[in-house]
file final.cif (mmCIF, C-alpha atoms)
data_run
#
loop_
_atom_site.label_atom_id
_atom_site.label_comp_id
_atom_site.auth_asym_id
_atom_site.auth_seq_id
_atom_site.Cartn_x
_atom_site.Cartn_y
_atom_site.Cartn_z
CA MET A 77 -66.22 33.18 6.34
CA LEU A 78 -68.41 32.44 3.40
CA GLU A 79 -70.11 35.77 3.05
CA ASP A 80 -73.78 35.94 3.76
CA MET A 81 -76.12 36.49 0.88
CA THR A 82 -78.75 38.37 2.81
CA THR A 83 -78.26 41.91 1.60
CA ARG A 84 -80.76 43.32 -0.78
CA SER A 85 -80.85 46.43 -2.88
CA PRO A 86 -83.69 48.86 -2.33
CA LEU A 87 -85.95 48.51 -5.33
CA SER A 88 -88.57 49.60 -2.82
CA PRO A 89 -88.33 51.81 0.24
CA THR A 90 -89.60 49.35 2.83
CA ARG A 91 -87.52 48.41 5.81
CA ARG A 92 -87.23 44.73 4.95
CA SER A 93 -85.87 45.40 1.49
CA THR A 94 -83.44 48.11 2.57
CA VAL A 95 -79.76 47.33 2.27
CA ARG A 96 -78.15 46.67 5.62
CA ARG A 97 -74.82 45.16 4.64
CA SER A 98 -72.33 45.39 1.77
CA ALA A 99 -74.27 48.21 0.15
CA GLU A 100 -71.61 48.59 -2.51
CA ARG A 101 -72.59 45.21 -3.81
CA ALA A 102 -76.27 45.91 -4.12
CA ALA A 103 -77.34 46.38 -7.70
CA ASP A 104 -80.13 48.91 -7.50
CA ASP A 105 -81.57 48.06 -10.83
CA ARG A 106 -84.89 46.67 -11.81
CA ALA A 107 -83.38 45.29 -15.02
CA VAL A 108 -80.99 43.19 -12.95
CA LEU A 109 -83.87 41.90 -10.85
CA ASP A 110 -85.78 40.90 -13.98
CA ALA A 111 -82.68 39.24 -15.45
CA VAL A 112 -82.14 37.14 -12.32
CA LEU A 113 -85.81 36.14 -12.15
CA ASP A 114 -85.78 35.22 -15.83
CA ALA A 115 -82.52 33.25 -15.58
CA GLY A 116 -83.61 31.16 -12.59
CA LEU A 117 -85.63 27.98 -13.02
CA VAL A 118 -87.22 27.29 -9.65
CA CYS A 119 -87.79 29.59 -6.70
CA HIS A 120 -88.03 29.10 -2.96
CA LEU A 121 -91.34 30.32 -1.55
CA ALA A 122 -91.45 31.00 2.20
CA VAL A 123 -94.72 31.14 4.11
CA VAL A 124 -95.68 31.15 7.78
CA VAL A 125 -97.72 28.15 8.97
CA ASP A 126 -98.83 28.03 12.62
CA GLY A 127 -96.28 30.74 13.40
CA ALA A 128 -93.35 28.77 11.99
CA PRO A 129 -91.56 29.37 8.71
CA ARG A 130 -91.92 26.92 5.86
CA VAL A 131 -89.97 27.05 2.64
CA ILE A 132 -91.07 25.34 -0.58
CA PRO A 133 -89.19 24.95 -3.84
CA THR A 134 -91.61 25.54 -6.69
CA GLY A 135 -92.02 26.72 -10.26
CA TYR A 136 -92.60 30.34 -11.20
CA GLY A 137 -92.71 32.71 -14.12
CA ARG A 138 -92.58 36.48 -14.51
CA ASP A 139 -94.90 38.62 -16.61
CA GLY A 140 -93.90 42.27 -16.32
CA ASP A 141 -94.40 43.28 -12.70
CA THR A 142 -96.09 40.05 -11.66
CA LEU A 143 -94.53 36.82 -10.46
CA TYR A 144 -96.78 33.79 -10.87
CA LEU A 145 -96.30 30.73 -8.68
CA HIS A 146 -98.28 27.54 -8.68
CA GLY A 147 -98.78 24.17 -7.15
CA SER A 148 -101.45 21.68 -6.29
CA SER A 149 -104.60 23.31 -4.95
CA GLY A 150 -104.45 20.67 -2.19
CA ALA A 151 -100.99 21.71 -0.96
CA ALA A 152 -101.31 23.21 2.50
CA SER A 153 -98.06 25.13 2.20
CA LEU A 154 -99.20 26.88 -0.94
CA ARG A 155 -102.61 27.63 0.51
CA ALA A 156 -100.81 29.25 3.45
CA GLY A 157 -99.64 31.90 1.01
CA PHE A 158 -103.12 32.93 -0.17
CA GLY A 159 -103.66 36.55 0.75
CA LEU A 160 -100.82 36.50 3.24
CA ASP A 161 -97.24 37.68 3.37
CA VAL A 162 -94.85 35.52 1.42
CA CYS A 163 -91.22 35.79 0.49
CA VAL A 164 -89.77 34.37 -2.71
CA ALA A 165 -86.08 33.87 -3.45
CA VAL A 166 -84.45 33.00 -6.76
CA THR A 167 -80.76 32.19 -6.43
CA LEU A 168 -78.16 31.42 -9.09
CA LEU A 169 -74.81 30.17 -7.88
CA ASP A 170 -72.01 31.18 -10.25
CA GLY A 171 -68.87 29.99 -8.50
CA ILE A 172 -66.90 29.31 -5.35
CA VAL A 173 -64.46 32.04 -4.31
CA TYR A 174 -61.28 30.57 -2.83
CA ALA A 175 -59.41 33.05 -0.63
CA ARG A 176 -56.19 32.84 1.43
CA SER A 177 -58.28 33.03 4.60
CA VAL A 178 -61.36 31.08 5.63
CA PHE A 179 -63.09 34.35 6.45
CA HIS A 180 -62.86 35.68 2.90
CA HIS A 181 -64.00 32.51 1.21
CA SER A 182 -67.20 33.36 -0.58
CA VAL A 183 -69.49 32.50 -3.45
CA ASN A 184 -70.35 34.35 -6.64
CA TYR A 185 -74.08 34.49 -7.15
CA ARG A 186 -77.14 36.34 -8.39
CA SER A 187 -79.93 36.60 -5.84
CA ALA A 188 -83.43 38.04 -6.13
CA VAL A 189 -85.81 38.30 -3.20
CA VAL A 190 -89.44 39.40 -3.44
CA HIS A 191 -91.65 40.25 -0.48
CA GLY A 192 -95.36 40.77 -0.65
CA ARG A 193 -98.87 39.62 -0.19
CA ALA A 194 -99.64 36.76 -2.54
CA VAL A 195 -103.01 36.82 -4.25
CA ALA A 196 -104.77 33.58 -5.19
CA VAL A 197 -105.71 33.74 -8.86
CA THR A 198 -109.28 32.46 -9.12
CA ASP A 199 -110.47 33.75 -12.47
CA ASP A 200 -110.03 30.95 -15.02
CA ALA A 201 -108.75 33.22 -17.78
CA GLU A 202 -106.12 34.78 -15.53
CA LYS A 203 -105.24 31.36 -14.15
CA LEU A 204 -104.62 30.10 -17.68
CA HIS A 205 -102.51 33.17 -18.36
CA GLY A 206 -100.47 32.55 -15.21
CA LEU A 207 -99.98 28.90 -16.17
CA ARG A 208 -98.87 29.93 -19.64
CA VAL A 209 -96.29 32.29 -18.10
CA LEU A 210 -95.12 29.53 -15.73
CA THR A 211 -94.93 26.90 -18.46
CA GLU A 212 -93.12 29.19 -20.89
CA HIS A 213 -90.61 30.00 -18.16
CA LEU A 214 -89.55 26.38 -17.61
CA ALA A 215 -90.34 25.02 -21.07
CA PRO A 216 -90.13 27.93 -23.52
CA GLY A 217 -92.27 27.52 -26.62
CA SER A 218 -94.12 24.49 -25.27
CA TRP A 219 -97.49 26.02 -24.42
CA ASP A 220 -98.66 26.17 -28.05
CA TYR A 221 -97.70 22.53 -28.69
CA THR A 222 -99.17 21.05 -25.53
CA ARG A 223 -102.73 20.17 -24.56
CA GLY A 224 -103.99 22.90 -22.25
CA PRO A 225 -105.53 22.17 -18.86
CA ASP A 226 -109.14 20.99 -18.84
CA LYS A 227 -111.62 22.16 -16.21
CA LYS A 228 -110.68 19.41 -13.76
CA GLU A 229 -106.94 19.98 -14.15
CA LEU A 230 -107.44 23.71 -13.76
CA ALA A 231 -109.34 23.17 -10.52
CA LYS A 232 -106.52 21.01 -9.20
CA THR A 233 -104.02 23.79 -9.84
CA ALA A 234 -103.50 26.72 -7.53
CA VAL A 235 -101.91 29.85 -8.96
CA LEU A 236 -100.54 32.68 -6.87
CA ALA A 237 -99.74 36.16 -8.15
CA LEU A 238 -97.13 38.29 -6.42
CA ASP A 239 -96.39 41.89 -7.27
CA LEU A 240 -92.72 42.77 -7.78
CA THR A 241 -93.07 46.16 -6.07
CA GLU A 242 -91.19 45.13 -2.97
CA ALA A 243 -88.19 43.32 -4.34
CA SER A 244 -84.44 43.43 -4.18
CA VAL A 245 -81.48 41.97 -5.97
CA LYS A 246 -77.87 41.32 -5.10
CA THR A 247 -74.97 39.87 -6.99
CA ARG A 248 -71.36 39.01 -6.33
CA VAL A 249 -68.80 38.68 -9.10
CA GLY A 250 -65.01 38.51 -9.24
CA GLY A 251 -62.19 37.13 -7.16
CA PRO A 252 -61.47 37.03 -3.44
CA LYS A 253 -60.90 40.16 -1.37
CA ASP A 254 -58.07 39.00 0.84
CA GLU A 255 -56.26 40.89 3.57
CA PRO A 256 -53.00 42.41 2.23
CA SER A 257 -51.02 40.45 4.84
CA ASP A 258 -52.53 37.19 3.58
CA VAL A 259 -51.72 38.08 -0.04
CA ALA A 260 -48.14 38.92 0.95
CA ALA A 261 -47.78 35.64 2.83
CA HIS A 262 -47.85 33.87 -0.55
CA THR A 263 -49.52 30.89 1.06
CA GLY A 264 -51.55 29.29 -1.65
CA TRP A 265 -53.85 29.52 -4.60
CA ALA A 266 -56.69 32.01 -4.65
CA GLY A 267 -59.33 32.62 -7.25
CA VAL A 268 -62.71 31.48 -8.48
CA LEU A 269 -63.99 28.07 -9.49
CA PRO A 270 -66.87 28.97 -11.84
CA LEU A 271 -70.07 26.98 -11.78
CA ARG A 272 -72.88 26.84 -14.31
CA GLN A 273 -75.89 24.78 -15.28
CA VAL A 274 -75.85 22.87 -18.55
CA TRP A 275 -78.56 20.95 -20.36
CA ASP A 276 -77.79 17.48 -21.59
CA ALA A 277 -79.30 15.83 -24.66
CA PRO A 278 -83.05 15.23 -24.32
CA ILE A 279 -84.23 11.74 -23.31
CA ALA A 280 -87.40 10.58 -25.07
CA ALA A 281 -90.27 9.18 -22.97
CA ASP A 282 -90.60 5.38 -22.99
CA ASP A 283 -94.00 5.65 -24.65
CA LEU A 284 -92.91 8.06 -27.39
CA PRO A 285 -93.26 6.72 -30.95
CA GLY A 286 -89.95 6.61 -32.79
CA ASP A 287 -91.11 8.98 -35.51
CA ILE A 288 -91.42 11.99 -33.20
CA ALA A 289 -88.15 13.89 -32.82
CA ALA A 290 -87.42 16.47 -30.15
CA PRO A 291 -88.15 19.95 -31.55
CA VAL A 292 -85.56 22.71 -31.77
CA ARG A 293 -87.19 24.60 -28.89
CA ILE A 294 -85.96 21.74 -26.70
CA THR A 295 -82.77 20.54 -28.43
CA GLY A 296 -81.70 24.19 -28.84
CA ARG A 297 -81.44 24.66 -25.07
CA ALA A 298 -78.55 22.20 -24.84
CA ALA A 299 -75.58 24.38 -25.79
CA PRO A 300 -72.19 22.69 -26.24
CA CYS A 301 -70.21 22.98 -23.01
CA MET B 29 -99.21 21.71 -14.42
CA LEU B 30 -95.67 21.69 -13.23
CA GLU B 31 -96.05 19.47 -10.24
CA ASP B 32 -95.56 20.99 -6.86
CA MET B 33 -92.49 20.08 -4.91
CA THR B 34 -94.00 20.45 -1.48
CA THR B 35 -94.39 16.85 -0.40
CA ARG B 36 -91.99 15.48 2.12
CA SER B 37 -91.23 12.03 3.35
CA PRO B 38 -91.68 11.32 7.05
CA LEU B 39 -88.21 11.04 8.49
CA SER B 40 -89.96 12.27 11.60
CA PRO B 41 -93.52 11.84 12.82
CA THR B 42 -94.46 15.51 13.15
CA ARG B 43 -97.39 16.93 11.28
CA ARG B 44 -95.39 19.37 9.20
CA SER B 45 -93.08 16.71 7.87
CA THR B 46 -95.80 14.16 7.14
CA VAL B 47 -96.45 13.32 3.54
CA ARG B 48 -99.65 14.83 2.23
CA ARG B 49 -99.31 14.41 -1.50
CA SER B 50 -97.71 11.95 -3.95
CA ALA B 51 -96.67 9.66 -1.13
CA GLU B 52 -95.34 7.12 -3.61
CA ARG B 53 -92.66 9.59 -4.48
CA ALA B 54 -91.45 10.20 -0.99
CA ALA B 55 -88.14 8.53 -0.30
CA ASP B 56 -88.34 7.57 3.34
CA ASP B 57 -84.65 7.19 3.77
CA ARG B 58 -82.20 9.07 5.88
CA ALA B 59 -79.39 8.14 3.48
CA VAL B 60 -81.21 9.93 0.69
CA LEU B 61 -81.62 13.00 2.89
CA ASP B 62 -77.91 13.03 3.66
CA ALA B 63 -77.04 12.55 -0.02
CA VAL B 64 -79.20 15.52 -1.07
CA LEU B 65 -77.78 17.73 1.68
CA ASP B 66 -74.24 16.73 0.74
CA ALA B 67 -74.82 17.25 -3.00
CA GLY B 68 -76.30 20.74 -2.64
CA LEU B 69 -74.11 23.81 -2.41
CA VAL B 70 -76.28 26.53 -0.91
CA CYS B 71 -79.51 26.28 1.04
CA HIS B 72 -82.52 28.52 1.53
CA LEU B 73 -83.12 29.41 5.17
CA ALA B 74 -86.59 30.64 6.09
CA VAL B 75 -87.25 32.61 9.26
CA VAL B 76 -90.14 34.67 10.59
CA VAL B 77 -89.43 38.38 11.12
CA ASP B 78 -92.21 40.59 12.51
CA GLY B 79 -94.71 37.86 11.67
CA ALA B 80 -93.73 37.71 8.01
CA PRO B 81 -91.66 35.04 6.28
CA ARG B 82 -88.17 35.81 5.06
CA VAL B 83 -86.04 33.50 2.98
CA ILE B 84 -82.25 33.76 2.72
CA PRO B 85 -79.87 31.86 0.47
CA THR B 86 -76.80 30.94 2.49
CA GLY B 87 -73.97 28.46 2.93
CA TYR B 88 -74.28 25.31 5.01
CA GLY B 89 -72.55 22.07 5.83
CA ARG B 90 -73.62 18.79 7.43
CA ASP B 91 -71.82 16.93 10.19
CA GLY B 92 -73.71 13.77 11.07
CA ASP B 93 -77.07 14.84 12.46
CA THR B 94 -76.26 18.54 12.56
CA LEU B 95 -76.65 21.12 9.83
CA TYR B 96 -74.46 24.20 10.32
CA LEU B 97 -75.42 27.51 8.74
CA HIS B 98 -73.62 30.79 8.97
CA GLY B 99 -73.58 34.41 8.02
CA SER B 100 -72.55 37.80 9.27
CA SER B 101 -73.28 38.26 12.97
CA GLY B 102 -74.79 41.61 11.96
CA ALA B 103 -77.36 40.11 9.61
CA ALA B 104 -80.83 40.65 11.05
CA SER B 105 -82.33 37.78 9.08
CA LEU B 106 -79.85 35.31 10.47
CA ARG B 107 -80.26 36.62 14.00
CA ALA B 108 -84.00 36.04 13.59
CA GLY B 109 -83.23 32.33 13.51
CA PHE B 110 -81.42 32.22 16.86
CA GLY B 111 -83.35 29.92 19.15
CA LEU B 112 -86.44 30.10 16.99
CA ASP B 113 -88.15 27.91 14.43
CA VAL B 114 -86.44 27.88 11.09
CA CYS B 115 -86.91 25.89 7.92
CA VAL B 116 -84.09 25.03 5.55
CA ALA B 117 -84.46 23.75 2.00
CA VAL B 118 -81.79 22.30 -0.27
CA THR B 119 -82.99 21.77 -3.83
CA LEU B 120 -81.24 20.21 -6.80
CA LEU B 121 -82.94 20.56 -10.15
CA ASP B 122 -82.15 17.63 -12.44
CA GLY B 123 -84.28 18.28 -15.50
CA ILE B 124 -87.43 19.58 -17.12
CA VAL B 125 -90.12 16.99 -17.83
CA TYR B 126 -91.93 17.70 -21.09
CA ALA B 127 -95.36 16.07 -21.28
CA ARG B 128 -98.14 16.03 -23.90
CA SER B 129 -100.28 18.13 -21.57
CA VAL B 130 -99.47 21.30 -19.67
CA PHE B 131 -100.81 19.68 -16.50
CA HIS B 132 -98.26 16.85 -16.57
CA HIS B 133 -95.27 19.02 -17.29
CA SER B 134 -92.97 18.65 -14.33
CA VAL B 135 -89.39 18.84 -13.12
CA ASN B 136 -87.00 16.17 -11.92
CA TYR B 137 -85.39 17.16 -8.67
CA ARG B 138 -83.96 16.20 -5.30
CA SER B 139 -85.37 18.20 -2.40
CA ALA B 140 -84.49 18.16 1.30
CA VAL B 141 -86.37 20.19 3.89
CA VAL B 142 -85.37 20.51 7.54
CA HIS B 143 -87.56 22.02 10.25
CA GLY B 144 -86.36 22.84 13.71
CA ARG B 145 -85.22 25.27 16.32
CA ALA B 146 -81.88 26.74 15.32
CA VAL B 147 -79.30 27.13 18.05
CA ALA B 148 -76.74 29.92 17.93
CA VAL B 149 -73.27 28.42 18.34
CA THR B 150 -71.41 30.63 20.80
CA ASP B 151 -68.56 28.44 22.01
CA ASP B 152 -65.46 29.34 19.99
CA ALA B 153 -64.29 25.75 19.57
CA GLU B 154 -67.70 24.60 18.31
CA LYS B 155 -67.94 27.68 16.11
CA LEU B 156 -64.61 26.80 14.53
CA HIS B 157 -65.82 23.25 14.06
CA GLY B 158 -69.00 24.50 12.38
CA LEU B 159 -67.01 26.80 10.12
CA ARG B 160 -64.72 23.93 9.18
CA VAL B 161 -67.76 21.83 8.23
CA LEU B 162 -69.20 24.73 6.22
CA THR B 163 -65.93 25.50 4.46
CA GLU B 164 -65.24 21.86 3.65
CA HIS B 165 -68.73 21.58 2.19
CA LEU B 166 -68.23 24.37 -0.35
CA ALA B 167 -64.47 24.13 -0.79
CA PRO B 168 -63.46 20.54 0.07
CA GLY B 169 -59.91 20.20 1.36
CA SER B 170 -59.38 23.94 1.72
CA TRP B 171 -59.57 24.32 5.49
CA ASP B 172 -56.08 22.94 6.11
CA TYR B 173 -54.52 25.21 3.49
CA THR B 174 -56.26 28.41 4.48
CA ARG B 175 -55.63 30.89 7.30
CA GLY B 176 -58.21 30.23 9.99
CA PRO B 177 -60.41 32.96 11.44
CA ASP B 178 -58.83 35.25 14.03
CA LYS B 179 -60.73 36.45 17.08
CA LYS B 180 -62.19 39.47 15.29
CA GLU B 181 -63.27 37.47 12.25
CA LEU B 182 -64.80 34.83 14.48
CA ALA B 183 -66.81 37.49 16.32
CA LYS B 184 -68.10 38.80 13.01
CA THR B 185 -69.36 35.37 12.06
CA ALA B 186 -72.62 33.89 13.30
CA VAL B 187 -73.00 30.12 13.20
CA LEU B 188 -76.32 28.32 13.61
CA ALA B 189 -76.71 24.62 14.39
CA LEU B 190 -79.85 22.79 13.33
CA ASP B 191 -80.65 19.22 14.26
CA LEU B 192 -81.74 16.94 11.40
CA THR B 193 -84.35 15.13 13.53
CA GLU B 194 -87.30 16.74 11.80
CA ALA B 195 -86.44 16.48 8.16
CA SER B 196 -87.83 15.12 4.96
CA VAL B 197 -86.70 14.39 1.46
CA LYS B 198 -88.41 14.00 -1.87
CA THR B 199 -87.17 13.24 -5.33
CA ARG B 200 -88.63 12.91 -8.80
CA VAL B 201 -86.91 10.98 -11.57
CA GLY B 202 -87.97 9.66 -14.95
CA GLY B 203 -90.22 10.73 -17.78
CA PRO B 204 -93.67 12.28 -17.97
CA LYS B 205 -96.81 10.54 -16.73
CA ASP B 206 -99.25 11.47 -19.44
CA GLU B 207 -102.92 10.58 -19.77
CA PRO B 208 -103.37 7.56 -22.09
CA SER B 209 -105.58 9.65 -24.39
CA ASP B 210 -102.80 12.23 -24.78
CA VAL B 211 -100.24 9.51 -25.54
CA ALA B 212 -102.58 7.99 -28.14
CA ALA B 213 -103.14 11.39 -29.74
CA HIS B 214 -99.54 11.26 -30.95
CA THR B 215 -99.32 15.03 -30.69
CA GLY B 216 -95.69 15.77 -30.03
CA TRP B 217 -92.43 15.02 -28.30
CA ALA B 218 -92.37 14.04 -24.65
CA GLY B 219 -89.44 13.27 -22.42
CA VAL B 220 -86.86 14.85 -20.17
CA LEU B 221 -84.31 17.57 -20.79
CA PRO B 222 -81.65 16.79 -18.16
CA LEU B 223 -79.94 19.59 -16.29
CA ARG B 224 -76.76 19.51 -14.25
CA GLN B 225 -74.17 21.79 -12.73
CA VAL B 226 -70.63 21.80 -14.08
CA TRP B 227 -67.47 23.45 -12.85
CA ASP B 228 -65.40 25.40 -15.33
CA ALA B 229 -61.63 25.84 -15.20
CA PRO B 230 -60.48 27.83 -12.16
CA ILE B 231 -59.71 31.55 -12.65
CA ALA B 232 -56.72 32.80 -10.65
CA ALA B 233 -57.09 35.93 -8.53
CA ASP B 234 -55.59 39.11 -10.05
CA ASP B 235 -53.12 39.36 -7.17
CA LEU B 236 -51.97 35.72 -7.34
CA PRO B 237 -48.24 35.25 -8.14
CA GLY B 238 -47.68 33.27 -11.34
CA ASP B 239 -45.80 30.50 -9.56
CA ILE B 240 -48.80 29.29 -7.58
CA ALA B 241 -50.90 26.75 -9.49
CA ALA B 242 -54.41 25.67 -8.54
CA PRO B 243 -54.21 22.47 -6.45
CA VAL B 244 -55.88 19.22 -7.45
CA ARG B 245 -58.53 19.63 -4.74
CA ILE B 246 -59.80 22.53 -6.88
CA THR B 247 -58.92 21.52 -10.46
CA GLY B 248 -60.20 18.01 -9.73
CA ARG B 249 -63.76 19.30 -9.25
CA ALA B 250 -64.02 20.34 -12.90
CA ALA B 251 -64.94 17.08 -14.61
CA PRO B 252 -65.05 17.01 -18.41
CA CYS B 253 -68.60 17.57 -19.60
#

call {"tool": "encode", "arguments": {"input": "final.cif", "output": "structure tokens"}}
result
Amino acid sequence: MLEDMTTRSPLSPTRRSTVRRSAERAADDRAVLDAVLDAGLVCHLAVVVDGAPRVIPTGYGRDGDTLYLHGSSGAASLRAGFGLDVCVAVTLLDGIVYARSVFHHSVNYRSAVVHGRAVAVTDDAEKLHGLRVLTEHLAPGSWDYTRGPDKKELAKTAVLALDLTEASVKTRVGGPKDEPSDVAAHTGWAGVLPLRQVWDAPIAADDLPGDIAAPVRITGRAAPC
Amino acid sequence: MLEDMTTRSPLSPTRRSTVRRSAERAADDRAVLDAVLDAGLVCHLAVVVDGAPRVIPTGYGRDGDTLYLHGSSGAASLRAGFGLDVCVAVTLLDGIVYARSVFHHSVNYRSAVVHGRAVAVTDDAEKLHGLRVLTEHLAPGSWDYTRGPDKKELAKTAVLALDLTEASVKTRVGGPKDEPSDVAAHTGWAGVLPLRQVWDAPIAADDLPGDIAAPVRITGRAAPC
């Protein structure tokens, strides 16, 4: 079985963020949570709409103990999170674990889950701050070189703030944990096929004049692979 | 603003999978949905527990019109999906879109969202079939070379089946869509920084005898980057 990725470490004492399974794997460490949130690029935001779950991939950024999320102010799914319980997951897949048995096949990953009541950010100054955090998360260094939102654009943008108080993190690293009898059977290869995200060379916009080169803050993200 | 990724194309006529925003971007095509589901590796499953949303990263696999998900049969979050409404998202991030304005910053992506009532698979033969689909999705070709689940392992594994009837897909490709005044201002670079996942060379398990080499079904996944 590909192991489930549902267990969470207790960064908070609430029932829903208490470890239920594979406690040895839970990394009870706020620094690990922050590292996972900072390494991810998009999150999955879950809300309840008409009693049914809805999950939305969206951008986010972390500032200390606050996670900022955003979207169009017209998006019903995002509005469903205003002042209500939400759940946010950031998942990084690091590899496929090949075992001798189907049951012990697994994945290596880093997973952060945050529960809480999302607050709609309505103050313009805080909204701009949240958007800066969000923008710097996906496009580091860009905020200062980009035209900021005008009043109309700001009104079109909804920003949610979510406290990191009730959060949890879980990671899996390393090879398969096979049954001794399966190892002894010498049946086939076992190990890990690592997976990672790489940036390719930047592609200029069609309407970009030829005399503007991509800055180091962008070209520097593409490390040789 | 980093554009929201909430819009979905109407592969079904229900309200929650009807396009509300950026309809021009919705790819009303079942083939696109299948391609996104087949290209993804893990999904995010959202359920409602005690009235609050919960989102879980987990493995999945598609067989025709059925999405199979699985996890430990002891996992409360997975059990919460049995016979109830769930929502599953598969998201592939393809790049960061740098614009001249913060508002038009965006991401390129492929996003599939499936809504429906998940059915717990209890028949052993169908459970095995679902696990084969799941295993072949994450580790193609491995099922036939791996010890299958015994009765105890099968009992420990919960498998959910979700029909793809109510599903939607959305993608964004290409460069930024800036305001003409921002383009004319000639302020800075704009374009796309592409992102992709690459496999690295397989790492053998510590307990693997030296005479067993990784098979082509595994080494073949790691394309030169």

call {"tool": "residues_around", "arguments": {"input": "final.cif", "residues": "Lys205 of chain B", "least_positions_apart": "6", "cutoff": "12 Å", "atoms": "all atoms listed in the file", "output": "VMD selection string"}}
result
(chain A and resid 281 to 284) or (chain B and resid 29 to 31 125 to 135 211 218 to 220)

call {"tool": "resolve_selection", "arguments": {"input": "final.cif", "expression": "the PyMOL selection byres ((chain A and resi 146) around 6)", "output": "JSON, numbers by chain"}}
result
{"A": [145, 147, 234, 235, 236]}

call {"tool": "resolve_selection", "arguments": {"input": "final.cif", "expression": "the PyMOL selection byres ((chain A and resi 132) around 6)", "output": "PDB file with C-alpha atoms, in the coordinates of the input"}}
result
ATOM      1  CA  HIS A 120     -88.030  29.100  -2.960  1.00  0.00           C
ATOM      2  CA  LEU A 121     -91.340  30.320  -1.550  1.00  0.00           C
ATOM      3  CA  VAL A 131     -89.970  27.050   2.640  1.00  0.00           C
ATOM      4  CA  PRO A 133     -89.190  24.950  -3.840  1.00  0.00           C
TER       5      PRO A 133
ATOM      6  CA  THR B  34     -94.000  20.450  -1.480  1.00  0.00           C
TER       7      THR B  34
END

call {"tool": "atom_distance", "arguments": {"input": "final.cif", "atom1": "atom CA of Val164 of chain A", "atom2": "atom CA of Asp276 of chain A"}}
result
28.0 Å

call {"tool": "resolve_selection", "arguments": {"input": "final.cif", "expression": "the PyMOL selection byres ((chain A and resi 298) around 10)", "output": "PyMOL selection string"}}
result
(chain A and resi 274-278+292-297+299-301) or (chain B and resi 221-223)

call {"tool": "closest_atom_pairs", "arguments": {"input": "final.cif", "of": "segment 170-239 of chain B", "to": "segment 151-160 of chain B", "cutoff": "12 Å", "atoms": "only C-alpha atoms", "output": "JSON lines"}}
result
{"residue": "B:Ser170", "atom": "CA", "partner": "B:Arg160", "partner_atom": "CA", "distance": 9.2}
{"residue": "B:Trp171", "atom": "CA", "partner": "B:Arg160", "partner_atom": "CA", "distance": 6.3}
{"residue": "B:Asp172", "atom": "CA", "partner": "B:Arg160", "partner_atom": "CA", "distance": 9.2}
{"residue": "B:Tyr173", "atom": "CA", "partner": "B:Arg160", "partner_atom": "CA", "distance": 11.7}
{"residue": "B:Thr174", "atom": "CA", "partner": "B:Arg160", "partner_atom": "CA", "distance": 10.7}
{"residue": "B:Arg175", "atom": "CA", "partner": "B:Arg160", "partner_atom": "CA", "distance": 11.6}
{"residue": "B:Gly176", "atom": "CA", "partner": "B:Leu156", "partner_atom": "CA", "distance": 8.6}
{"residue": "B:Pro177", "atom": "CA", "partner": "B:Leu156", "partner_atom": "CA", "distance": 8.1}
{"residue": "B:Asp178", "atom": "CA", "partner": "B:Leu156", "partner_atom": "CA", "distance": 10.2}
{"residue": "B:Lys179", "atom": "CA", "partner": "B:Asp152", "partner_atom": "CA", "distance": 9.0}
{"residue": "B:Lys180", "atom": "CA", "partner": "B:Asp152", "partner_atom": "CA", "distance": 11.6}
{"residue": "B:Glu181", "atom": "CA", "partner": "B:Leu156", "partner_atom": "CA", "distance": 11.0}
{"residue": "B:Leu182", "atom": "CA", "partner": "B:Asp152", "partner_atom": "CA", "distance": 7.8}
{"residue": "B:Ala183", "atom": "CA", "partner": "B:Asp152", "partner_atom": "CA", "distance": 9.0}
{"residue": "B:Lys184", "atom": "CA", "partner": "B:Lys155", "partner_atom": "CA", "distance": 11.5}
{"residue": "B:Thr185", "atom": "CA", "partner": "B:Lys155", "partner_atom": "CA", "distance": 8.8}
{"residue": "B:Ala186", "atom": "CA", "partner": "B:Lys155", "partner_atom": "CA", "distance": 8.3}
{"residue": "B:Val187", "atom": "CA", "partner": "B:Lys155", "partner_atom": "CA", "distance": 6.3}
{"residue": "B:Leu188", "atom": "CA", "partner": "B:Gly158", "partner_atom": "CA", "distance": 8.3}
{"residue": "B:Ala189", "atom": "CA", "partner": "B:Gly158", "partner_atom": "CA", "distance": 8.0}
{"residue": "B:Leu190", "atom": "CA", "partner": "B:Gly158", "partner_atom": "CA", "distance": 11.0}

call {"tool": "atom_distance", "arguments": {"input": "final.cif", "atom1": "atom CA of Ala241 of chain B", "atom2": "atom CA of His262 of chain A"}}
result
11.8 Å

call {"tool": "closest_residue", "arguments": {"input": "final.cif", "among": "B:Val142, B:Cys115, B:Ala148, B:Ala63", "to": "chain A", "atoms": "all atoms listed in the file"}}
result
B:Cys115
